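Heads up: the structure comes next, in structure tokens.
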Amino acid sequence: MERLKKRKEFLRAARGVKWVTPGLILQCWHRGDDDCSRIGFTVTKRVGNAVVRNRVKRRLREVARHDKAHGRTGFDYVVIGRKSTIPRGFSELEQDLSGAFRGIHGKVMRFEGNVKKD
RNA sequence: UCAGUUGGCUGGAUGGCCGCUGCGGGAUUGUCUUGAUAAUCCCGGAGAGGAAAGUCCGGGCUCCAUGGGAACACGGUGCCGGGUAACGCCCGGCGGGGGCGACCCCAGGGAAAGUGCCACAGAAAGUAAACCGCCUGAUGAUUGAUCUUCGGAUCAUGCCCGUCAGGUAAGGGUGAAAGGGUGCGGUAAGAGCGCACCGCGGCUGCAGUAAUGCAGCUGGCAUGGUAAACCCCACCAGGAGCAAAACCAAAUAGGGAUGGCACGAGCGUUUUACGCUCAGGCCGGUUUCCAGGCCGCUAUCCGGGUUGGUUGCUUGAGGCGCUCAGCAAUGGGCGCCCUAGAUGAAUGGUCAUACACCUGCAAUGCAGUGGACAGAACCCGGCUUACAGGCCAACUGACGCU
């Protein structure tokens with residue numbers, strides 16, 4: 001799983017499907033090719049100062065590192081940190097992410113199925 | 001022991017497991033120019049701050065082609081001496097203010113160069129001025145006396161109640177501030193009108209590198225405040241910033257159209273053309289001068305590009321220790337050390353153990369929360385702001401004991 005690095009790719013993922021959990025928000029964009037899955041992290045200034053933002057981003061990155069099973073090839077994912085990411089327990093965050101992956105994949109399939117019907 | 005002042009240090013600890021980014025070494029594989037490069041793995045070691053922050057000053061460095069002189073504009077600084085690469089910083093001193101004291105605070109040049117402003121209140125806010133009051137003179141009324149034709153007239157009085165003319169800044173009242181302060185004399189009442197002391201100005205002497213201080217003589221009250229109002233004086237100062245800038249790869253453009261001005265002179269070669277010289281134009285905020293560089297100039301319109309990598313990038317006005325000079329800031333000498341370099345941006349996640357903090361139960365234990373302010377982005381020197389708790393040193397005051 002590689003990292004997203006360009007602003008354009010983040011903006012493209014923000015136009016895709018979104019899934020909200022208590023500890024984080026997951027966005028994804030189905031590229032449609034067979035390259036490996038990619039993931040990026042976003043924490044806005046509303047969450048806190050630089051120290052808090054760094055801490056949120058590190059916990060999210062660590063959670064994503066532990067969860068290697070759910071990312072699918074051909075997908076770009078963006079994880080957005082929230083103020084609630086800091087007080088949330090680490091195992092709870094792991095459950096949030098794996099649940100978000102399962103939910104968002106189902107949502108993408110339904111969305112693409114609707115597109116094919118149209 | 002308590003209260004306080006100043007300066008400095010520290011900025012969560014220990015361990016297990018799993019990661020991230022550089023660096024050094026090694027192995028395997030691929031490539032080729034055979035010692036380089038790319039990928040993967042292993043080992044070792046390193047990896048946020050005192051403010052990394054605010055971006056407020058001063059520098060280094062890079063570009064604006066470069067260097068220098070003069071004037072002006074804009075901007076900044078402002079007691080004196082020293083330190084420094086430099087500063088608006090630091091140290092020492094002076095002056096003023098505060099504190100019993102250790103000590104602290106000060107945007108601290110010029111207000112007799114000029115202009116402006118001083119709300120409200122108040123009579124008056126700066127060529128002083130007369131509201132109340134005080135004083136003098138005249139006078140009305142009053143009162144008294146004399147005369148009388150009984151209407152009044154004349155003389156005196158002027159404390160009290162008025163009017164007019166003048167004097168007065170002592171007192172009252174207003175204000176942030178009322179044209180030196182206190183006392184004595186003086187005066188009709190008063191006033192630097194005179195005197196003493198204090199304050200202020202000038203001159204002289206002494207001490208000090210100087211700011212300034214002390215002493216003497218003298219002047220005479222002349223000089224209200226405000227320069228963080230304009231201003232004057234002295235000194236300093238070109239602009240933009242690492243998204244600077246350079247290189248590599250890809251892409252490309254010193255792109256096109258229209259109009260205006262110019263397309264000059266001389267020489268050489270082979271009359272177009274090219275080269276050289278002169279003239280002309282452009283080159284830091286403006287003007288100008290000197291050296292120098294560049295070459296058609298200019299206006300309007302149209303279209304396109306602005307991505308990736310490498311360097312810059314961490315050895316520097318660098319730290320630590322000893323020593324010498326100095327009251328100190330700081331400087332000299334000697335020795336040792338190398339200590340983050342990311343770029344959607346590493347420096348962490350998690351668990352355990354004690355240790356602080358807070359809350360509750362409740363009573364010195366248990367449970368829960370959970371670790372001050374805060375995250376490098378080219379690098380230094382400062383300033384400012386934020387900061388839980390802990391430690392050290394020197395000094396001051398009070399109380400007690402010896």
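Here, A, B, ... name the chains of the structure tokens in the order displayed, residue numbers run from 1 inside each chain, and ligands are numbered from 1 in the same displayed order.
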
With only C-alpha atoms (C1' of nucleotides) considered, list every residue of chain B at most 8 Å from chain A, as number ranges by chain. B: 344, 348-349, 374-375

Minimum-distance residue to A:Ile104, chosen among A:Val47, A:Ile80, A:Ile86, A:Val17 (using only C-alpha atoms): A:Val17

Members of chain A assigned alpha helix (DSSP H) by DSSP, as a ChimeraX atom specification: /A:7-14,50-66,90-117

Straight-line distance linking atom C1' of B:C217 with atom C1' of B:G205, stated in Å to one decimal: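 Separation between atom C1' of B:C217 and atom C1' of B:G205: 10.6 Å.
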
Write out as JSON lines a residue-level contact list of stretch 117-163 of chain B versus stretch 171-195 of chain B with cut-off 6 Å: for each qualifying residue the closest pair of atoms and the distance in Å to one decimal, counting only C-alpha atoms (C1' of nucleotides), rows sorted by chain and residue number upward.
```
{"residue": "B:A121", "atom": "C1'", "partner": "B:U174", "partner_atom": "C1'", "distance": 5.6}
{"residue": "B:G122", "atom": "C1'", "partner": "B:U174", "partner_atom": "C1'", "distance": 4.5}
{"residue": "B:C135", "atom": "C1'", "partner": "B:A189", "partner_atom": "C1'", "distance": 4.0}
{"residue": "B:U136", "atom": "C1'", "partner": "B:A188", "partner_atom": "C1'", "distance": 6.0}
```

A:Ala100 environment, 8 Å, only C-alpha atoms (C1' of nucleotides), sequence neighbours closer than 3 positions dropped, as a PDB file with N, CA and C atoms, in the first residue's frame:
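Wrote selection-v4.pdb, looks like this:
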```pdb
ATOM      1  N   TRP A  19     -17.463   7.544   4.210  1.00  0.00           N
ATOM      2  CA  TRP A  19     -17.983   6.722   5.301  1.00  0.00           C
ATOM      3  C   TRP A  19     -17.513   7.318   6.615  1.00  0.00           C
ATOM      4  N   VAL A  20     -18.463   7.589   7.539  1.00  0.00           N
ATOM      5  CA  VAL A  20     -18.150   8.289   8.791  1.00  0.00           C
ATOM      6  C   VAL A  20     -18.212   7.308   9.948  1.00  0.00           C
ATOM      7  N   THR A  21     -17.202   7.331  10.820  1.00  0.00           N
ATOM      8  CA  THR A  21     -17.195   6.554  12.058  1.00  0.00           C
ATOM      9  C   THR A  21     -16.888   7.506  13.205  1.00  0.00           C
ATOM     10  N   LEU A  26     -13.569   8.067   6.304  1.00  0.00           N
ATOM     11  CA  LEU A  26     -12.853   7.431   5.195  1.00  0.00           C
ATOM     12  C   LEU A  26     -13.485   7.864   3.884  1.00  0.00           C
ATOM     13  N   ASP A  96     -12.900   0.933  13.980  1.00  0.00           N
ATOM     14  CA  ASP A  96     -13.488   1.958  13.120  1.00  0.00           C
ATOM     15  C   ASP A  96     -13.002   1.812  11.693  1.00  0.00           C
ATOM     16  N   LEU A  97     -11.680   1.612  11.518  1.00  0.00           N
ATOM     17  CA  LEU A  97     -11.115   1.584  10.170  1.00  0.00           C
ATOM     18  C   LEU A  97     -11.563   0.341   9.401  1.00  0.00           C
ATOM     19  N   GLY A 103     -17.721  -1.167   5.006  1.00  0.00           N
ATOM     20  CA  GLY A 103     -18.892  -0.381   4.625  1.00  0.00           C
ATOM     21  C   GLY A 103     -18.703   0.338   3.312  1.00  0.00           C
ATOM     22  N   ILE A 104     -17.497   0.900   3.142  1.00  0.00           N
ATOM     23  CA  ILE A 104     -17.310   1.739   1.958  1.00  0.00           C
ATOM     24  C   ILE A 104     -17.215   0.892   0.695  1.00  0.00           C
TER      25      ILE A 104
END
```

I'd like to know which residues of chain A are strand (DSSP E) (by DSSP, run on the backbone); could you write them as a short mmCIF file (atom, residue, chain, number, x, y, z; two decimals) with C-alpha atoms, in the first residue's frame?
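Resulting contents of out-v9.cif:
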```cif
data_model
loop_
_atom_site.label_atom_id
_atom_site.label_comp_id
_atom_site.auth_asym_id
_atom_site.auth_seq_id
_atom_site.Cartn_x
_atom_site.Cartn_y
_atom_site.Cartn_z
CA GLU A 2 1.56 3.27 -1.14
CA ARG A 3 1.00 6.85 -0.02
CA VAL A 17 -17.67 7.85 -1.59
CA LYS A 18 -17.53 8.82 2.12
CA TRP A 19 -17.98 6.72 5.30
CA VAL A 20 -18.15 8.29 8.79
CA LEU A 24 -12.36 8.92 11.69
CA ILE A 25 -13.80 9.57 8.25
CA LEU A 26 -12.85 7.43 5.19
CA GLN A 27 -13.08 8.60 1.59
CA CYS A 28 -12.27 6.51 -1.46
CA TRP A 29 -12.01 6.76 -5.25
CA HIS A 30 -12.02 3.75 -7.56
CA ARG A 38 -2.91 3.93 -2.08
CA ILE A 39 -3.78 5.82 1.10
CA GLY A 40 -3.41 9.41 2.33
CA PHE A 41 -4.16 11.25 5.55
CA THR A 42 -5.75 14.66 6.10
CA PHE A 75 -8.49 2.16 -5.00
CA ASP A 76 -7.30 5.51 -3.53
CA TYR A 77 -8.24 6.01 0.12
CA VAL A 78 -8.11 9.23 2.24
CA VAL A 79 -8.47 9.05 6.03
CA ILE A 80 -9.60 12.28 7.70
CA GLY A 81 -8.78 12.87 11.35
#
```

Which polymer residues have any atom within 12 Å of an atom of B:U209, counting only C-alpha atoms (C1' of nucleotides), with same-chain residues fewer than 2 positions away left out, as a PyMOL selection string? chain B and resi 80-82+211

Just write the chosen residues, C-alpha atoms (C1' of nucleotides), as a PDB file, in the first residue's frame.
```pdb
ATOM      1  C1'   C B  80      27.004  58.777  28.250  1.00  0.00           C
ATOM      2  C1'   G B  81      30.888  55.042  27.746  1.00  0.00           C
ATOM      3  C1'   G B  82      31.997  50.076  26.369  1.00  0.00           C
ATOM      4  C1'   A B 211      26.613  61.859  30.464  1.00  0.00           C
TER       5        A B 211
END
```

Close residues, B:U287 itself excluded, 12 Å, only C-alpha atoms (C1' of nucleotides), min 3 positions apart in chain, as JSON, numbers by chain: {"B": [70, 71, 72, 73]}

Who sits within 12 Å of B:U385, only C-alpha atoms (C1' of nucleotides), same chain under 2 positions skipped, as a count of residues only: 7

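For the pair atom C1' of B:G259 and atom C1' of B:C297, the interatomic distance is 14.0 Å.
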
For A:His70, find every residue with an atom within 10 Å (counting only C-alpha atoms (C1' of nucleotides)), except residues of its own chain fewer than 6 positions away, and show them as JSON, numbers by chain. {"A": [37, 64, 97, 98, 99, 100, 101, 102, 105]}

Export of prior selection with C-alpha atoms as a tab-separated table (two decimals), in the first residue's frame:
```
chain	number	residue	atom	x	y	z
A	37	SER	CA	-3.96	0.54	-3.36
A	64	ALA	CA	-3.62	1.86	8.71
A	97	LEU	CA	-11.11	1.58	10.17
A	98	SER	CA	-11.90	-2.05	9.35
A	99	GLY	CA	-15.61	-1.32	9.62
A	100	ALA	CA	-15.21	1.71	7.39
A	101	PHE	CA	-13.39	-0.38	4.78
A	102	ARG	CA	-16.14	-3.02	4.74
A	105	HIS	CA	-16.63	-1.21	-0.35
```

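Counting only C-alpha atoms (C1' of nucleotides) and comparing B:C103, B:A376, B:C131, B:A222, the residue that lies closest to B:U6 is B:C103.
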